Amino acid sequence: MRTWIIFLLILAAGCETAYYGLNEQFGRLKNDIMVDRVEDAMDAQEEAKEEFKDAFEQFEAVVGVPEGELKSTYRKLNGAFEDAQNKADEVSERIAAVDDVAQDLFDEWADEITQISSASLKSNSRAQLNASKQKYASLLKAMRRAESRMQPVLTSFRDHVLYLKHNLNAQAISSLKSELGGIESDVGRLIQDMERSISEAQSFIKALES
């Protein structure tokens with residue numbers, strides 16, 4: 001089992017190396033790939049933010065629905081939850097992709113610094129590396145904070161979707177009404193964190209491209 005794990009790690013590393021090598025042949029360095037991935041993560045967060053808003057609106061619309069429409073309402077609410085879950089997963093994948101290329105970029109940068117013979121150039125490059133790492137750490141923290149806000153909201157959505165599924169009656173709908181305030185507050189905090197994360201991403205891209 002351990003042999004297979006090592007083999008898969010070597011294979012993955014080889015694929016990543018080949019990917020970077022292919023991009024370099026077209027003039028795209030890790031820095032360019034990182035900008036692209038940060039932009040992708042930013043776009044995914046924008047889309048997730050809208051999905052969470054839509055999911056909450058669907059949830060809010062459940063209150064007061066006639067009993068005869070409960071099943072179709074459940075299907076709509078469940079669909080909204082699944083869309084939000086998919087977008088949340090995409091955000092996590094995009095953040096992981098950003099972090100992968102960031103670590104590879106910083107490792108390469110640090111390794112190349114050791115190849116510089118000029119002490120002053122080496123010192124300046126190391127200072128730039130440290131400054132870039134600090135900016136990236138701030139970006140990653142903002143993205144992870146927004147990411148962490150998603151799961152409690154999704155958990156709350158899922159709980160109430162399942163509750164509605166198991167209790168398709170007017171009494172279940174009435175009991176959901178009292179939960180709206182708490183979920184709305186969670187969604188609001190999530191959206192604020194996502195907007196801060198998106199702003200951090202925009203600033204980081206500008207710094208890389210300047």
# chains A, B, ... in the order shown; residues from 1 in each chain; ligands from 1
>>> residues_around(residues="Leu129 in chain A", least_positions_apart="5", cutoff="12 Å", atoms="only C-alpha atoms", output="ChimeraX atom specification")
/A:102-103,105-113,122-124,134-136,208
>>> closest_atom_pairs(of="range 21-116 of chain A", to="range 189-203 of chain A", cutoff="9 Å", atoms="only C-alpha atoms", output="Markdown table")
| residue | atom | partner | partner_atom | distance |
| --- | --- | --- | --- | --- |
| A:Val38 | CA | A:Ala201 | CA | 6.4 |
| A:Glu39 | CA | A:Ala201 | CA | 7.3 |
| A:Ala41 | CA | A:Ala201 | CA | 8.4 |
| A:Met42 | CA | A:Ile198 | CA | 5.4 |
| A:Asp43 | CA | A:Ile198 | CA | 8.3 |
| A:Gln45 | CA | A:Met194 | CA | 6.3 |
| A:Glu46 | CA | A:Met194 | CA | 7.5 |
| A:Ala48 | CA | A:Met194 | CA | 8.8 |
| A:Lys49 | CA | A:Ile191 | CA | 5.9 |
| A:Glu50 | CA | A:Ile191 | CA | 8.8 |
| A:Phe52 | CA | A:Ile191 | CA | 8.3 |
| A:Lys53 | CA | A:Ile191 | CA | 8.3 |
>>> write_last_selection(atoms="N, CA and C atoms", output="short mmCIF file (atom, residue, chain, number, x, y, z; two decimals), in the first residue's frame")
data_model
loop_
_atom_site.label_atom_id
_atom_site.label_comp_id
_atom_site.auth_asym_id
_atom_site.auth_seq_id
_atom_site.Cartn_x
_atom_site.Cartn_y
_atom_site.Cartn_z
N VAL A 38 -5.81 32.69 -9.10
CA VAL A 38 -6.42 33.62 -8.14
C VAL A 38 -7.69 34.21 -8.75
N GLU A 39 -7.62 34.56 -10.04
CA GLU A 39 -8.80 35.09 -10.72
C GLU A 39 -9.92 34.05 -10.77
N ALA A 41 -10.38 31.63 -8.59
CA ALA A 41 -10.91 31.52 -7.23
C ALA A 41 -11.83 32.69 -6.91
N MET A 42 -11.43 33.88 -7.38
CA MET A 42 -12.24 35.08 -7.17
C MET A 42 -13.59 34.93 -7.88
N ASP A 43 -13.57 34.44 -9.12
CA ASP A 43 -14.81 34.23 -9.87
C ASP A 43 -15.70 33.19 -9.18
N GLN A 45 -15.81 32.48 -6.03
CA GLN A 45 -16.40 33.07 -4.82
C GLN A 45 -17.56 33.99 -5.18
N GLU A 46 -17.42 34.74 -6.27
CA GLU A 46 -18.52 35.60 -6.74
C GLU A 46 -19.74 34.75 -7.05
N ALA A 48 -20.39 31.69 -5.97
CA ALA A 48 -20.89 31.06 -4.75
C ALA A 48 -21.70 32.06 -3.93
N LYS A 49 -21.24 33.30 -3.89
CA LYS A 49 -21.96 34.34 -3.15
C LYS A 49 -23.38 34.47 -3.70
N GLU A 50 -23.51 34.48 -5.02
CA GLU A 50 -24.83 34.60 -5.64
C GLU A 50 -25.68 33.36 -5.39
N PHE A 52 -25.50 31.38 -2.77
CA PHE A 52 -25.96 31.40 -1.38
C PHE A 52 -27.08 32.41 -1.19
N LYS A 53 -27.00 33.54 -1.87
CA LYS A 53 -28.09 34.51 -1.81
C LYS A 53 -29.37 33.89 -2.36
#
>>> atom_distance(atom1="CA of Ser185 in chain A", atom2="CA of Ala88 in chain A")
18.1 Å
>>> atom_distance(atom1="CA of Asp99 in chain A", atom2="CA of Leu140 in chain A")
7.8 Å
>>> atom_distance(atom1="CA of Asp40 in chain A", atom2="CA of Lys76 in chain A")
28.0 Å
>>> residues_around(residues="Gly79 in chain A", least_positions_apart="4", cutoff="10 Å", atoms="only C-alpha atoms", output="JSON, numbers by chain")
{"A": [55, 58, 73, 74, 75, 83, 84, 85, 161]}
>>> write_last_selection(atoms="N, CA and C atoms", output="short mmCIF file (atom, residue, chain, number, x, y, z; two decimals), in the first residue's frame")
data_model
loop_
_atom_site.label_atom_id
_atom_site.label_comp_id
_atom_site.auth_asym_id
_atom_site.auth_seq_id
_atom_site.Cartn_x
_atom_site.Cartn_y
_atom_site.Cartn_z
N ALA A 55 -30.10 30.68 -2.66
CA ALA A 55 -30.56 29.60 -1.79
C ALA A 55 -31.34 30.16 -0.60
N GLN A 58 -34.73 31.25 -1.75
CA GLN A 58 -35.60 30.09 -1.92
C GLN A 58 -36.11 29.61 -0.57
N THR A 73 -42.15 22.76 -3.56
CA THR A 73 -41.30 23.73 -2.87
C THR A 73 -40.06 23.06 -2.31
N TYR A 74 -40.23 21.85 -1.77
CA TYR A 74 -39.09 21.09 -1.26
C TYR A 74 -38.08 20.85 -2.38
N ARG A 75 -38.58 20.45 -3.56
CA ARG A 75 -37.68 20.17 -4.68
C ARG A 75 -36.89 21.42 -5.06
N ASP A 83 -27.11 23.39 -5.47
CA ASP A 83 -26.34 24.36 -6.26
C ASP A 83 -25.33 25.09 -5.37
N ALA A 84 -25.78 25.47 -4.18
CA ALA A 84 -24.89 26.16 -3.24
C ALA A 84 -23.74 25.24 -2.82
N GLN A 85 -24.06 23.97 -2.57
CA GLN A 85 -23.03 23.00 -2.19
C GLN A 85 -22.00 22.83 -3.29
N VAL A 161 -33.64 21.55 4.90
CA VAL A 161 -34.15 20.86 3.71
C VAL A 161 -34.61 19.45 4.09
#
